[in-house]
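Working notes for the structure below.
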2 protein chains.
Amino acid sequence: MGSGPLVEARKTATARAHSNIAFVKYWGNRDHSLRLPANSSISMNLSALHTTTIVDWNRRLGEDLLTINGKAAGEGTLRRVREHLDVLRRRFGMDAFASVASRNNFPMGTGIASSASAFAALTVAAAAAARFELTEREMSALARLGSGSAARSVPAGYVEWLAGSSHETSFAEAFAPPQHWDLVDVIAIVSREHKHVGSSAGHMTAASSALQPARVASARARIDAVKQSIMRRDFDRFASIVEEDSNLMHAVMMTSRPPLLYWEPLSLMIMKAVRRWRQQEGIAVCYTLDAGPNVHCICLASDAGAVSGRLLALSEGIEVMQSGVGAGAGVMPPA
Amino acid sequence: MGSGPLVEARKTATARAHSNIAFVKYWGNRDHSLRLPANSSISMNLSALHTTTIVDWNRRLGEDLLTINGKAAGEGTLRRVREHLDVLRRRFGMDAFASVASRNNFPMGTGIASSASAFAALTVAAAAAARFELTEREMSALARLGSGSAARSVPAGYVEWLAGSSHETSFAEAFAPPQHWDLVDVIAIVSREHKHVGSSAGHMTAASSALQPARVASARARIDAVKQSIMRRDFDRFASIVEEDSNLMHAVMMTSRPPLLYWEPLSLMIMKAVRRWRQQEGIAVCYTLDAGPNVHCICLASDAGAVSGRLLALSEGIEVMQSGVGAGAGVMPPA
């Protein structure tokens, strides 16, 4: 014991996954413990925002360890990651604890969700370190158990997460590669405050809104329409569906009990400006907001400079980040 | 002809009606021409905001005439009033044209709707001038044909407009007198811009939102609950229903095609502040917004000063008006 060769005591791999932004949103679960979503969703990965995670399955550890950006993780995050590692251990037949080191290339506390890229990178790195082969579908489904939207960060480019009705049937798959359409997400960061109500807790409240069933029932039509608009590169059609879907999710949020009002006054100012820029100036841009006040301004790459400039001129309180369409989650070569 | 006694050629009366603010909103019609609403609604009249209207049925006129605040009315307003006068002529068996002089005691163009008080005052004055006796129910139903929410300005105090299924069954009635509960509407005026999309046009778009059926289906429960909270003077319960109902209406508006986003950044700042004042400082205040950006802050009379002061301190862009609970529409003694 403890004297065997190092190669057997430790199994290590590094993986990277990108954040994603949803065009048809995930909000509410039909099964909370399996994170089976109330409806299918559509997203694109964000090339500029990624998490890189090293997993080291190590028999000499007495418990799982986790650092994020070089610092020991807080208790809540650690517990959630340990639960996910338990799931992965069972799937991989692994009996070691893991040391996990995760780094985001984007600043924490900007309201840019890191759980999607984090759980996708963790799942891919953990499987690779365990030398366990998985199809992309199963990898996506496994990532989903850690964080629903992580399912969408596994495939590359433009992605649909099929709601499914069981663990095996709820996974994401690409329907167009990153180079299919050169969209850019110009993220207007309006608040660095931490969310009062995180997404996981928020998903629990979705069913308390009288409006959630109608949002869910109409999601399939929006998914078909937004996929078609992406395949045809029809920006005007794309824009109207993306904004409608964002409004529908926030309509459910603000009519939940308790109500969740994620928009800030500055968010609303930007939303209205984005509509003016598109409708009155012909700039190919639309807005979408996740469970937070930051405004994702989705635009054609050729309009990204104009959108950034206008956002910065709109208010001193706005910071801007830009990202193109990202690759799928994957193993990194050893350093 | 033209030589008969003056008393036969002219029949004149003056009436006054108050504006009202809805706690359970009217949005969308089941019948546009009869203005039969999609759902019943609840409101209180506003004592401080009223329209005073003189109607003069005059056989010597060759057409209906209309002044508002001493000025000839614009074409759209004149057409709408003439259509309503046609309805009243048929009902009263009146064959003269009318000269109508209407005055609001509140400034125009503040986004405070005047059509409710205007059509209630017009209907009451026109009936009185025609020496035509009507029950309050029929007066309310007739006022509804001019402007839906005018039905609610006919009875006094706290009012329910029963949606009904025909002209005769769609009228408002009081369920508590003004003195039952001393609520005050502190109106935060955030924009003097004229509405881009008026209520009448907006009602037409309600059915295009996927969320409208769920709002309508759940309205009865809110009506029963808000009436009960008013009867019991239970402010906390009242506040949560009133804010939820306002959010539900704006959720429908912002998910209509085209989307209607009546909120301004300043509206959202006030909504969030009102929730803080109630939840963290214990001030008995809640918000509700009509088809415009102004925020009606409904509070106990004892908290009205605190609410006004806080609103004025919140931003230089906010002006404030205050009103208690108003009487019903009625004939004024001759000057």
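Residues are referred to by chain and number: the chain letter is A, B, ... according to the order shown in the structure tokens, the number counts from 1 in that chain, and ligands are numbered separately from 1 in the order shown.
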
Please build the interface table for chain B against chain A with a cut-off of 12 Å, listing for each qualifying residue the nearest atom pair and the distance in Å to one decimal; count only C-alpha atoms, order rows by chain and increasing number, and write it as CSV.
residue,atom,partner,partner_atom,distance
B:Ser208,CA,A:Glu244,CA,11.8
B:Ser209,CA,A:Leu248,CA,9.4
B:Ala210,CA,A:Ala214,CA,6.1
B:Leu211,CA,A:Leu211,CA,5.8
B:Gln212,CA,A:Leu211,CA,8.5
B:Pro213,CA,A:Ala214,CA,8.4
B:Ala214,CA,A:Leu211,CA,5.9
B:Arg215,CA,A:Ala210,CA,7.0
B:Val216,CA,A:Ala210,CA,10.0
B:Ala217,CA,A:Ala210,CA,9.0
B:Ser218,CA,A:Ala210,CA,7.2
B:Ala219,CA,A:Ala210,CA,10.2
B:Ala221,CA,A:Ala210,CA,11.4
B:Arg222,CA,A:Ala210,CA,11.5
B:Ser240,CA,A:Pro258,CA,9.1
B:Ile241,CA,A:Thr255,CA,10.3
B:Val242,CA,A:Thr255,CA,11.4
B:Glu243,CA,A:Thr255,CA,9.0
B:Glu244,CA,A:Thr255,CA,5.9
B:Asp245,CA,A:Thr255,CA,8.2
B:Ser246,CA,A:Thr255,CA,9.2
B:Asn247,CA,A:Thr255,CA,6.1
B:Leu248,CA,A:Thr255,CA,6.1
B:Met249,CA,A:Ala251,CA,9.5
B:His250,CA,A:Ala251,CA,8.0
B:Ala251,CA,A:Ala251,CA,4.7
B:Val252,CA,A:Ala251,CA,7.7
B:Met253,CA,A:Ala251,CA,9.6
B:Met254,CA,A:Asn247,CA,6.4
B:Thr255,CA,A:Glu244,CA,5.9
B:Ser256,CA,A:Glu244,CA,8.3
B:Arg257,CA,A:Glu244,CA,8.7
B:Pro258,CA,A:Ser240,CA,9.0
B:Pro259,CA,A:Glu244,CA,7.7
B:Leu260,CA,A:Asn247,CA,10.6
B:Leu261,CA,A:Lys272,CA,8.3
B:Tyr262,CA,A:Lys272,CA,10.4
B:Trp263,CA,A:Leu268,CA,8.1
B:Glu264,CA,A:Leu268,CA,7.0
B:Pro265,CA,A:Pro265,CA,4.0
B:Leu266,CA,A:Pro265,CA,6.4
B:Ser267,CA,A:Pro265,CA,7.9
B:Leu268,CA,A:Pro265,CA,5.6
B:Met269,CA,A:Pro265,CA,5.7
B:Ile270,CA,A:Pro265,CA,9.3
B:Met271,CA,A:Leu261,CA,9.7
B:Lys272,CA,A:Leu261,CA,8.3
B:Ala273,CA,A:Pro265,CA,11.4
B:Arg275,CA,A:Pro259,CA,10.6

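Computed from the coordinates, the CA of Arg220 (chain B) to CA of Asp236 (chain B) distance equals 19.4 Å.
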
DSSP-assigned strand (DSSP E) members of region 9-94 of chain A, reported as a short mmCIF file (atom, residue, chain, number, x, y, z; two decimals) with C-alpha atoms, in the first residue's frame:
data_model
loop_
_atom_site.label_atom_id
_atom_site.label_comp_id
_atom_site.auth_asym_id
_atom_site.auth_seq_id
_atom_site.Cartn_x
_atom_site.Cartn_y
_atom_site.Cartn_z
CA ARG A 10 -2.71 8.78 -9.92
CA LYS A 11 -4.66 9.31 -13.13
CA THR A 12 -4.63 12.85 -14.45
CA ALA A 13 -6.14 14.78 -17.37
CA THR A 14 -6.92 18.36 -18.32
CA ALA A 15 -10.00 19.50 -20.26
CA ARG A 16 -11.40 22.78 -21.47
CA ALA A 17 -15.02 23.75 -22.03
CA HIS A 18 -16.64 26.99 -23.13
CA SER A 19 -19.48 28.94 -21.63
CA ASN A 20 -22.63 29.11 -23.75
CA ILE A 21 -25.46 31.57 -24.28
CA ALA A 22 -28.98 30.26 -24.82
CA PHE A 23 -31.24 31.59 -27.59
CA VAL A 24 -34.17 29.46 -26.43
CA ASN A 29 -37.08 21.27 -14.46
CA ARG A 30 -39.46 18.38 -14.95
CA ASP A 31 -37.15 16.40 -12.63
CA LEU A 36 -34.35 17.04 -16.75
CA PRO A 37 -35.45 20.40 -18.13
CA SER A 41 -33.15 24.69 -25.44
CA ILE A 42 -30.81 26.17 -28.05
CA SER A 43 -27.44 27.85 -27.51
CA MET A 44 -24.09 28.71 -28.97
CA ASN A 45 -20.78 28.17 -27.23
CA LEU A 46 -18.70 31.24 -26.44
CA SER A 47 -15.14 30.93 -27.73
CA ALA A 48 -13.71 33.66 -25.50
CA LEU A 49 -15.07 32.35 -22.21
CA HIS A 50 -13.77 29.04 -21.00
CA THR A 51 -12.93 26.94 -17.99
CA THR A 52 -9.85 24.72 -17.90
CA THR A 53 -9.93 21.92 -15.36
CA ILE A 54 -7.34 19.40 -14.20
CA VAL A 55 -8.69 16.26 -12.57
CA ASP A 56 -6.32 14.02 -10.66
CA TRP A 57 -7.89 10.76 -9.43
CA ASN A 58 -5.56 10.02 -6.57
CA LEU A 65 -10.19 18.64 -3.15
CA LEU A 66 -11.16 21.62 -5.28
CA THR A 67 -9.46 24.87 -6.19
CA ILE A 68 -10.99 27.53 -8.43
CA LYS A 71 -8.06 29.24 -4.30
CA ALA A 72 -9.81 26.59 -2.21
#

When DSSP is applied to the backbone of this structure, which of region 63-211 of chain B are assigned helix (DSSP H, G or I)? Write them out as a PyMOL selection string.
chain B and resi 75-92+115-129+136-146+148-153+178-180+199-208

Using only C-alpha atoms, which residues sit within 12 Å of Asp182 (chain B) once same-chain residues fewer than 6 positions away are excluded, as a list of chain:residue names?
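The residues that qualify are B:Met44, B:Leu46, B:Ser47, B:Gly157, B:Tyr158, B:Ala176, B:Ile230, B:Met231, B:Arg233, B:Phe235, B:Ala284, B:Ile298, B:Cys299, B:Leu300, B:Ala301, B:Ser302, B:Asp303, B:Ala304, B:Ser323, B:Gly324, B:Val325, B:Gly326.
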
For the selection you just gave me, I'd like the residues written to a file as a short mmCIF file (atom, residue, chain, number, x, y, z; two decimals), in the first residue's frame, keeping N, CA, C and O atoms.
data_model
loop_
_atom_site.label_atom_id
_atom_site.label_comp_id
_atom_site.auth_asym_id
_atom_site.auth_seq_id
_atom_site.Cartn_x
_atom_site.Cartn_y
_atom_site.Cartn_z
N MET B 44 -59.63 51.13 -7.71
CA MET B 44 -60.20 52.15 -6.85
C MET B 44 -60.20 53.47 -7.62
O MET B 44 -59.32 53.72 -8.45
N LEU B 46 -59.79 57.53 -8.02
CA LEU B 46 -58.76 58.43 -7.52
C LEU B 46 -59.38 59.81 -7.30
O LEU B 46 -59.72 60.52 -8.26
N SER B 47 -59.53 60.18 -6.01
CA SER B 47 -60.26 61.40 -5.66
C SER B 47 -59.62 62.65 -6.27
O SER B 47 -60.33 63.59 -6.64
N GLY B 157 -65.60 54.44 -5.04
CA GLY B 157 -64.69 53.72 -4.14
C GLY B 157 -64.01 52.53 -4.76
O GLY B 157 -63.36 52.63 -5.79
N TYR B 158 -64.17 51.38 -4.08
CA TYR B 158 -63.52 50.13 -4.51
C TYR B 158 -64.49 49.37 -5.39
O TYR B 158 -65.62 49.09 -4.97
N ALA B 176 -66.86 48.17 -1.91
CA ALA B 176 -66.56 48.86 -0.64
C ALA B 176 -66.52 50.36 -0.92
O ALA B 176 -66.02 50.78 -1.96
N ILE B 230 -58.74 43.57 0.60
CA ILE B 230 -59.27 44.93 0.81
C ILE B 230 -60.31 44.89 1.92
O ILE B 230 -60.30 45.73 2.83
N MET B 231 -61.22 43.92 1.88
CA MET B 231 -62.26 43.85 2.91
C MET B 231 -61.65 43.68 4.30
O MET B 231 -62.14 44.24 5.27
N ARG B 233 -58.58 44.64 5.05
CA ARG B 233 -57.51 45.65 5.18
C ARG B 233 -56.16 44.97 5.50
O ARG B 233 -55.41 45.40 6.36
N PHE B 235 -52.81 44.58 4.25
CA PHE B 235 -51.96 45.23 3.25
C PHE B 235 -50.93 44.28 2.64
O PHE B 235 -50.66 44.33 1.43
N ALA B 284 -45.84 50.37 4.27
CA ALA B 284 -46.97 49.69 3.61
C ALA B 284 -47.18 50.30 2.23
O ALA B 284 -48.01 51.21 2.05
N ILE B 298 -49.11 52.35 -4.35
CA ILE B 298 -50.32 52.29 -3.53
C ILE B 298 -49.87 52.06 -2.09
O ILE B 298 -49.11 51.12 -1.81
N CYS B 299 -50.31 52.94 -1.19
CA CYS B 299 -49.83 52.83 0.19
C CYS B 299 -50.95 53.19 1.17
O CYS B 299 -51.98 53.74 0.78
N LEU B 300 -50.73 52.85 2.43
CA LEU B 300 -51.62 53.35 3.47
C LEU B 300 -51.44 54.86 3.57
O LEU B 300 -50.32 55.37 3.39
N ALA B 301 -52.53 55.57 3.85
CA ALA B 301 -52.46 57.04 3.92
C ALA B 301 -51.38 57.49 4.90
O ALA B 301 -50.68 58.48 4.67
N SER B 302 -51.20 56.71 5.98
CA SER B 302 -50.22 57.08 6.99
C SER B 302 -48.79 56.99 6.47
O SER B 302 -47.87 57.56 7.06
N ASP B 303 -48.57 56.28 5.37
CA ASP B 303 -47.23 56.15 4.80
C ASP B 303 -47.03 57.00 3.55
O ASP B 303 -45.95 56.96 2.93
N ALA B 304 -48.05 57.76 3.14
CA ALA B 304 -47.97 58.47 1.87
C ALA B 304 -46.84 59.51 1.87
O ALA B 304 -46.14 59.69 0.87
N SER B 323 -53.16 60.84 -4.57
CA SER B 323 -54.62 60.80 -4.55
C SER B 323 -55.13 59.77 -3.57
O SER B 323 -54.59 58.67 -3.47
N GLY B 324 -56.21 60.14 -2.88
CA GLY B 324 -56.93 59.18 -2.05
C GLY B 324 -58.00 58.46 -2.87
O GLY B 324 -57.97 58.47 -4.11
N VAL B 325 -58.93 57.82 -2.16
CA VAL B 325 -59.97 57.02 -2.82
C VAL B 325 -61.13 57.93 -3.23
O VAL B 325 -61.60 58.73 -2.42
N GLY B 326 -61.58 57.78 -4.47
CA GLY B 326 -62.54 58.73 -5.03
C GLY B 326 -63.98 58.26 -5.03
O GLY B 326 -64.28 57.07 -4.91
#

Could you make a table, as CSV, of the residues of region 85-123 of chain B that have an atom within 6 Å of an atom of region 139-145 of chain B, each with its nearest atom pair and distance in Å to one decimal, counting only C-alpha atoms, in chain and number order?
residue,atom,partner,partner_atom,distance
B:Phe119,CA,B:Ala143,CA,5.7
B:Ala120,CA,B:Ala143,CA,5.2
B:Thr123,CA,B:Ala143,CA,5.7

Would you mind exporting N, CA, C and O atoms of the selected residues as a compact mmCIF listing (two decimals), in the first residue's frame?
# COMPACT_ATOMS: atom_id res chain seq x y z
N PHE B 119 -64.75 59.33 -20.39
CA PHE B 119 -65.94 58.66 -20.94
C PHE B 119 -67.00 58.42 -19.86
O PHE B 119 -68.19 58.37 -20.17
N ALA B 120 -66.58 58.29 -18.60
CA ALA B 120 -67.57 58.18 -17.53
C ALA B 120 -68.30 59.51 -17.37
O ALA B 120 -69.54 59.56 -17.30
N THR B 123 -70.64 60.22 -20.37
CA THR B 123 -71.85 59.39 -20.39
C THR B 123 -72.86 59.90 -19.37
O THR B 123 -74.06 60.02 -19.67

Could you list, as a PDB file with all heavy atoms, in the first residue's frame, every residue within 12 Å of Thr135 (chain B), counting only C-alpha atoms and ignoring same-chain residues fewer than 5 positions away?
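Final file, result.pdb:
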ATOM      1  N   VAL B 124     -72.384  60.227 -18.172  1.00  0.00           N
ATOM      2  CA  VAL B 124     -73.283  60.704 -17.117  1.00  0.00           C
ATOM      3  C   VAL B 124     -73.871  62.065 -17.482  1.00  0.00           C
ATOM      4  O   VAL B 124     -75.082  62.301 -17.329  1.00  0.00           O
ATOM      5  CB  VAL B 124     -72.534  60.761 -15.763  1.00  0.00           C
ATOM      6  CG1 VAL B 124     -73.384  61.468 -14.700  1.00  0.00           C
ATOM      7  CG2 VAL B 124     -72.171  59.342 -15.307  1.00  0.00           C
ATOM      8  N   ALA B 127     -76.457  61.698 -20.358  1.00  0.00           N
ATOM      9  CA  ALA B 127     -77.734  61.136 -19.903  1.00  0.00           C
ATOM     10  C   ALA B 127     -78.535  62.187 -19.132  1.00  0.00           C
ATOM     11  O   ALA B 127     -79.743  62.356 -19.358  1.00  0.00           O
ATOM     12  CB  ALA B 127     -77.478  59.906 -19.029  1.00  0.00           C
ATOM     13  N   SER B 140     -72.709  52.363 -16.166  1.00  0.00           N
ATOM     14  CA  SER B 140     -71.373  51.792 -16.227  1.00  0.00           C
ATOM     15  C   SER B 140     -71.157  51.045 -17.546  1.00  0.00           C
ATOM     16  O   SER B 140     -70.119  51.191 -18.212  1.00  0.00           O
ATOM     17  CB  SER B 140     -71.160  50.853 -15.026  1.00  0.00           C
ATOM     18  OG  SER B 140     -69.963  50.131 -15.159  1.00  0.00           O
ATOM     19  N   ALA B 141     -72.157  50.255 -17.941  1.00  0.00           N
ATOM     20  CA  ALA B 141     -72.039  49.504 -19.198  1.00  0.00           C
ATOM     21  C   ALA B 141     -71.938  50.448 -20.392  1.00  0.00           C
ATOM     22  O   ALA B 141     -71.144  50.227 -21.314  1.00  0.00           O
ATOM     23  CB  ALA B 141     -73.231  48.558 -19.356  1.00  0.00           C
ATOM     24  N   LEU B 142     -72.726  51.531 -20.371  1.00  0.00           N
ATOM     25  CA  LEU B 142     -72.672  52.494 -21.474  1.00  0.00           C
ATOM     26  C   LEU B 142     -71.311  53.188 -21.535  1.00  0.00           C
ATOM     27  O   LEU B 142     -70.736  53.361 -22.615  1.00  0.00           O
ATOM     28  CB  LEU B 142     -73.760  53.557 -21.303  1.00  0.00           C
ATOM     29  CG  LEU B 142     -75.123  53.270 -21.923  1.00  0.00           C
ATOM     30  CD1 LEU B 142     -76.065  54.433 -21.627  1.00  0.00           C
ATOM     31  CD2 LEU B 142     -75.004  53.054 -23.442  1.00  0.00           C
ATOM     32  N   VAL B 154     -67.584  54.760 -12.883  1.00  0.00           N
ATOM     33  CA  VAL B 154     -68.975  55.131 -12.600  1.00  0.00           C
ATOM     34  C   VAL B 154     -69.344  54.880 -11.136  1.00  0.00           C
ATOM     35  O   VAL B 154     -69.809  55.789 -10.456  1.00  0.00           O
ATOM     36  CB  VAL B 154     -69.939  54.441 -13.596  1.00  0.00           C
ATOM     37  CG1 VAL B 154     -71.398  54.648 -13.183  1.00  0.00           C
ATOM     38  CG2 VAL B 154     -69.700  54.996 -15.010  1.00  0.00           C
ATOM     39  N   PRO B 155     -69.117  53.653 -10.586  1.00  0.00           N
ATOM     40  CA  PRO B 155     -69.437  53.474  -9.163  1.00  0.00           C
ATOM     41  C   PRO B 155     -68.375  54.142  -8.275  1.00  0.00           C
ATOM     42  O   PRO B 155     -67.308  54.522  -8.760  1.00  0.00           O
ATOM     43  CB  PRO B 155     -69.408  51.947  -8.967  1.00  0.00           C
ATOM     44  CG  PRO B 155     -69.305  51.354 -10.344  1.00  0.00           C
ATOM     45  CD  PRO B 155     -68.667  52.391 -11.205  1.00  0.00           C
ATOM     46  N   GLU B 168     -75.043  43.955 -21.669  1.00  0.00           N
ATOM     47  CA  GLU B 168     -75.816  44.179 -20.437  1.00  0.00           C
ATOM     48  C   GLU B 168     -75.127  43.596 -19.204  1.00  0.00           C
ATOM     49  O   GLU B 168     -75.349  44.071 -18.089  1.00  0.00           O
ATOM     50  CB  GLU B 168     -77.220  43.562 -20.559  1.00  0.00           C
ATOM     51  CG  GLU B 168     -78.146  44.288 -21.536  1.00  0.00           C
ATOM     52  CD  GLU B 168     -77.782  44.049 -22.993  1.00  0.00           C
ATOM     53  OE1 GLU B 168     -77.071  43.055 -23.283  1.00  0.00           O
ATOM     54  OE2 GLU B 168     -78.173  44.869 -23.840  1.00  0.00           O
ATOM     55  N   PHE B 171     -70.443  45.261 -16.589  1.00  0.00           N
ATOM     56  CA  PHE B 171     -70.534  46.555 -15.904  1.00  0.00           C
ATOM     57  C   PHE B 171     -69.746  46.465 -14.603  1.00  0.00           C
ATOM     58  O   PHE B 171     -69.402  45.368 -14.159  1.00  0.00           O
ATOM     59  CB  PHE B 171     -72.002  46.911 -15.615  1.00  0.00           C
ATOM     60  CG  PHE B 171     -72.704  45.863 -14.811  1.00  0.00           C
ATOM     61  CD1 PHE B 171     -72.605  45.854 -13.414  1.00  0.00           C
ATOM     62  CD2 PHE B 171     -73.446  44.858 -15.429  1.00  0.00           C
ATOM     63  CE1 PHE B 171     -73.236  44.867 -12.658  1.00  0.00           C
ATOM     64  CE2 PHE B 171     -74.081  43.870 -14.672  1.00  0.00           C
ATOM     65  CZ  PHE B 171     -73.967  43.874 -13.286  1.00  0.00           C
ATOM     66  N   ALA B 172     -69.500  47.628 -14.012  1.00  0.00           N
ATOM     67  CA  ALA B 172     -68.770  47.665 -12.745  1.00  0.00           C
ATOM     68  C   ALA B 172     -69.718  47.966 -11.608  1.00  0.00           C
ATOM     69  O   ALA B 172     -70.747  48.630 -11.795  1.00  0.00           O
ATOM     70  CB  ALA B 172     -67.677  48.720 -12.805  1.00  0.00           C
ATOM     71  N   GLU B 173     -69.358  47.477 -10.410  1.00  0.00           N
ATOM     72  CA  GLU B 173     -70.140  47.804  -9.217  1.00  0.00           C
ATOM     73  C   GLU B 173     -69.185  47.924  -8.032  1.00  0.00           C
ATOM     74  O   GLU B 173     -68.135  47.273  -7.992  1.00  0.00           O
ATOM     75  CB  GLU B 173     -71.223  46.747  -8.965  1.00  0.00           C
ATOM     76  CG  GLU B 173     -70.687  45.356  -8.772  1.00  0.00           C
ATOM     77  CD  GLU B 173     -71.805  44.312  -8.670  1.00  0.00           C
ATOM     78  OE1 GLU B 173     -72.957  44.617  -9.010  1.00  0.00           O
ATOM     79  OE2 GLU B 173     -71.486  43.185  -8.259  1.00  0.00           O
TER      80      GLU B 173
END
